[in-house]
>>> print(open('upload21.pdb').read())   # PDB, C-alpha atoms
ATOM      1  CA  MET A  47      81.751 -80.439  12.194
ATOM      2  CA  GLU A  48      82.774 -79.139  15.577
ATOM      3  CA  THR A  49      80.153 -79.396  18.332
ATOM      4  CA  TYR A  50      80.343 -75.716  19.254
ATOM      5  CA  SER A  51      79.843 -74.586  15.664
ATOM      6  CA  PHE A  52      76.885 -76.914  15.236
ATOM      7  CA  LEU A  53      75.193 -75.726  18.433
ATOM      8  CA  ARG A  54      75.835 -72.083  17.540
ATOM      9  CA  GLN A  55      74.258 -72.516  14.103
ATOM     10  CA  LEU A  56      71.306 -74.304  15.678
ATOM     11  CA  ALA A  57      70.811 -71.515  18.234
ATOM     12  CA  ASP A  58      71.136 -68.832  15.549
ATOM     13  CA  SER A  59      68.444 -70.343  13.361
ATOM     14  CA  TRP A  60      66.007 -72.963  14.657
ATOM     15  CA  ALA A  61      66.132 -72.116  18.347
ATOM     16  CA  LEU A  62      65.503 -68.448  17.590
ATOM     17  CA  LEU A  63      62.578 -69.399  15.374
ATOM     18  CA  ALA A  64      61.177 -71.682  18.089
ATOM     19  CA  MET A  65      61.445 -68.958  20.756
ATOM     20  CA  PHE A  66      59.724 -66.452  18.469
ATOM     21  CA  GLY A  67      56.929 -68.957  17.798
ATOM     22  CA  PHE A  68      56.534 -69.526  21.537
ATOM     23  CA  PHE A  69      56.325 -65.753  22.129
ATOM     24  CA  VAL A  70      53.659 -65.340  19.435
ATOM     25  CA  ALA A  71      51.650 -68.233  20.891
ATOM     26  CA  ILE A  72      51.735 -66.676  24.394
ATOM     27  CA  VAL A  73      50.615 -63.284  23.044
ATOM     28  CA  ILE A  74      47.754 -64.872  21.110
ATOM     29  CA  TRP A  75      46.742 -66.874  24.200
ATOM     30  CA  ALA A  76      46.773 -63.767  26.416
ATOM     31  CA  PHE A  77      44.595 -61.733  24.021
ATOM     32  CA  ARG A  78      42.209 -64.514  23.022
ATOM     33  CA  PRO A  79      38.483 -63.774  23.044
ATOM     34  CA  GLY A  80      36.891 -64.563  26.376
ATOM     35  CA  SER A  81      39.978 -63.983  28.493
ATOM     36  CA  GLY A  82      38.891 -60.479  29.500
ATOM     37  CA  LYS A  83      36.855 -61.764  32.452
ATOM     38  CA  ILE A  84      39.829 -63.713  33.797
ATOM     39  CA  HIS A  85      42.151 -60.712  33.463
ATOM     40  CA  GLU A  86      39.605 -58.411  35.117
ATOM     41  CA  ASP A  87      39.123 -60.831  38.002
ATOM     42  CA  THR A  88      42.879 -61.130  38.494
ATOM     43  CA  ALA A  89      43.324 -57.349  38.399
ATOM     44  CA  ASN A  90      40.768 -56.925  41.197
ATOM     45  CA  ILE A  91      42.406 -59.355  43.655
ATOM     46  CA  PRO A  92      43.903 -56.564  45.840
ATOM     47  CA  PHE A  93      40.442 -55.048  46.340
ATOM     48  CA  ARG A  94      38.623 -58.190  47.499
ATOM     49  CA  ASN A  95      37.278 -58.393  51.078
ATOM     50  CA  GLU A  96      38.097 -54.790  51.783
ATOM     51  CA  ASP A  97      35.424 -53.571  54.205
ATOM     52  CA  ARG A  98      37.410 -50.700  55.645
ATOM     53  CA  PRO A  99      40.813 -49.084  55.164
ATOM     54  CA  ALA A 100      43.784 -50.654  56.861
ATOM     55  CA  PRO A 101      44.852 -48.987  60.100
ATOM     56  CA  GLN A 102      47.624 -46.448  59.758
ATOM     57  CA  ARG A 103      51.038 -47.664  60.793
ATOM     58  CA  SER A 104      53.478 -45.368  62.505
ATOM     59  CA  ASP A 105      57.103 -45.580  61.404
ATOM     60  CA  LYS A 106      58.186 -44.363  64.814
ATOM     61  CA  PRO A 107      59.005 -46.995  67.441
ATOM     62  CA  ALA A 108      56.707 -47.090  70.447
ATOM     63  CA  ALA A 109      58.012 -45.160  73.469
ATOM     64  CA  ASN A 110      58.104 -47.038  76.784
TER      65      ASN A 110
END
>>> encode(input="upload21.pdb", output="structure tokens")
Amino acid sequence: METYSFLRQLADSWALLAMFGFFVAIVIWAFRPGSGKIHEDTANIPFRNEDRPAPQRSDKPAAN
């Protein structure tokens, strides 16, 4: 059997099945019980240590 044909058949069947299994495992891991706290903590990273609003930046260059 030619190498290309063998690799194409492998990619069409077993590799596709392996990638689908990997995708399902990642989805199950992401939605597992108890991961809500981690996702909530990660979602709030931009709001940590924010005591006051950032100063406004002017898009105009400073005049000398």
>>> atom_distance(input="upload21.pdb", atom1="atom CA of Gly82 of chain A", atom2="atom CA of Phe66 of chain A")
24.3 Å
>>> atom_distance(input="upload21.pdb", atom1="atom CA of Ile72 of chain A", atom2="atom CA of Asp87 of chain A")
19.5 Å
>>> atom_distance(input="upload21.pdb", atom1="atom CA of Ser81 of chain A", atom2="atom CA of Asn95 of chain A")
23.4 Å
>>> decode(input="upload21.pdb", residues="segment 69-80 of chain A", atoms="N, CA and C atoms", output="PDB file, in the first residue's frame")
ATOM      1  N   PHE A  69     -11.902  16.604  21.841  1.00  0.00           N
ATOM      2  CA  PHE A  69     -12.838  17.722  21.954  1.00  0.00           C
ATOM      3  C   PHE A  69     -13.883  17.449  23.029  1.00  0.00           C
ATOM      4  N   VAL A  70     -14.449  16.251  23.036  1.00  0.00           N
ATOM      5  CA  VAL A  70     -15.462  15.901  24.034  1.00  0.00           C
ATOM      6  C   VAL A  70     -14.862  15.932  25.430  1.00  0.00           C
ATOM      7  N   ALA A  71     -13.637  15.447  25.583  1.00  0.00           N
ATOM      8  CA  ALA A  71     -12.981  15.459  26.893  1.00  0.00           C
ATOM      9  C   ALA A  71     -12.753  16.891  27.383  1.00  0.00           C
ATOM     10  N   ILE A  72     -12.359  17.804  26.506  1.00  0.00           N
ATOM     11  CA  ILE A  72     -12.141  19.200  26.892  1.00  0.00           C
ATOM     12  C   ILE A  72     -13.454  19.852  27.304  1.00  0.00           C
ATOM     13  N   VAL A  73     -14.537  19.575  26.573  1.00  0.00           N
ATOM     14  CA  VAL A  73     -15.840  20.151  26.915  1.00  0.00           C
ATOM     15  C   VAL A  73     -16.309  19.633  28.270  1.00  0.00           C
ATOM     16  N   ILE A  74     -16.153  18.347  28.505  1.00  0.00           N
ATOM     17  CA  ILE A  74     -16.549  17.775  29.796  1.00  0.00           C
ATOM     18  C   ILE A  74     -15.704  18.381  30.918  1.00  0.00           C
ATOM     19  N   TRP A  75     -14.401  18.551  30.672  1.00  0.00           N
ATOM     20  CA  TRP A  75     -13.528  19.135  31.696  1.00  0.00           C
ATOM     21  C   TRP A  75     -13.926  20.577  31.996  1.00  0.00           C
ATOM     22  N   ALA A  76     -14.282  21.344  30.969  1.00  0.00           N
ATOM     23  CA  ALA A  76     -14.632  22.752  31.176  1.00  0.00           C
ATOM     24  C   ALA A  76     -15.935  22.912  31.952  1.00  0.00           C
ATOM     25  N   PHE A  77     -16.892  21.989  31.761  1.00  0.00           N
ATOM     26  CA  PHE A  77     -18.191  22.104  32.417  1.00  0.00           C
ATOM     27  C   PHE A  77     -18.343  21.160  33.608  1.00  0.00           C
ATOM     28  N   ARG A  78     -17.241  20.683  34.142  1.00  0.00           N
ATOM     29  CA  ARG A  78     -17.311  19.761  35.274  1.00  0.00           C
ATOM     30  C   ARG A  78     -17.833  20.483  36.509  1.00  0.00           C
ATOM     31  N   PRO A  79     -18.455  19.745  37.414  1.00  0.00           N
ATOM     32  CA  PRO A  79     -18.931  20.369  38.655  1.00  0.00           C
ATOM     33  C   PRO A  79     -17.740  20.915  39.452  1.00  0.00           C
ATOM     34  N   GLY A  80     -17.927  22.072  40.026  1.00  0.00           N
ATOM     35  CA  GLY A  80     -16.868  22.663  40.834  1.00  0.00           C
ATOM     36  C   GLY A  80     -15.961  23.609  40.080  1.00  0.00           C
TER      37      GLY A  80
END
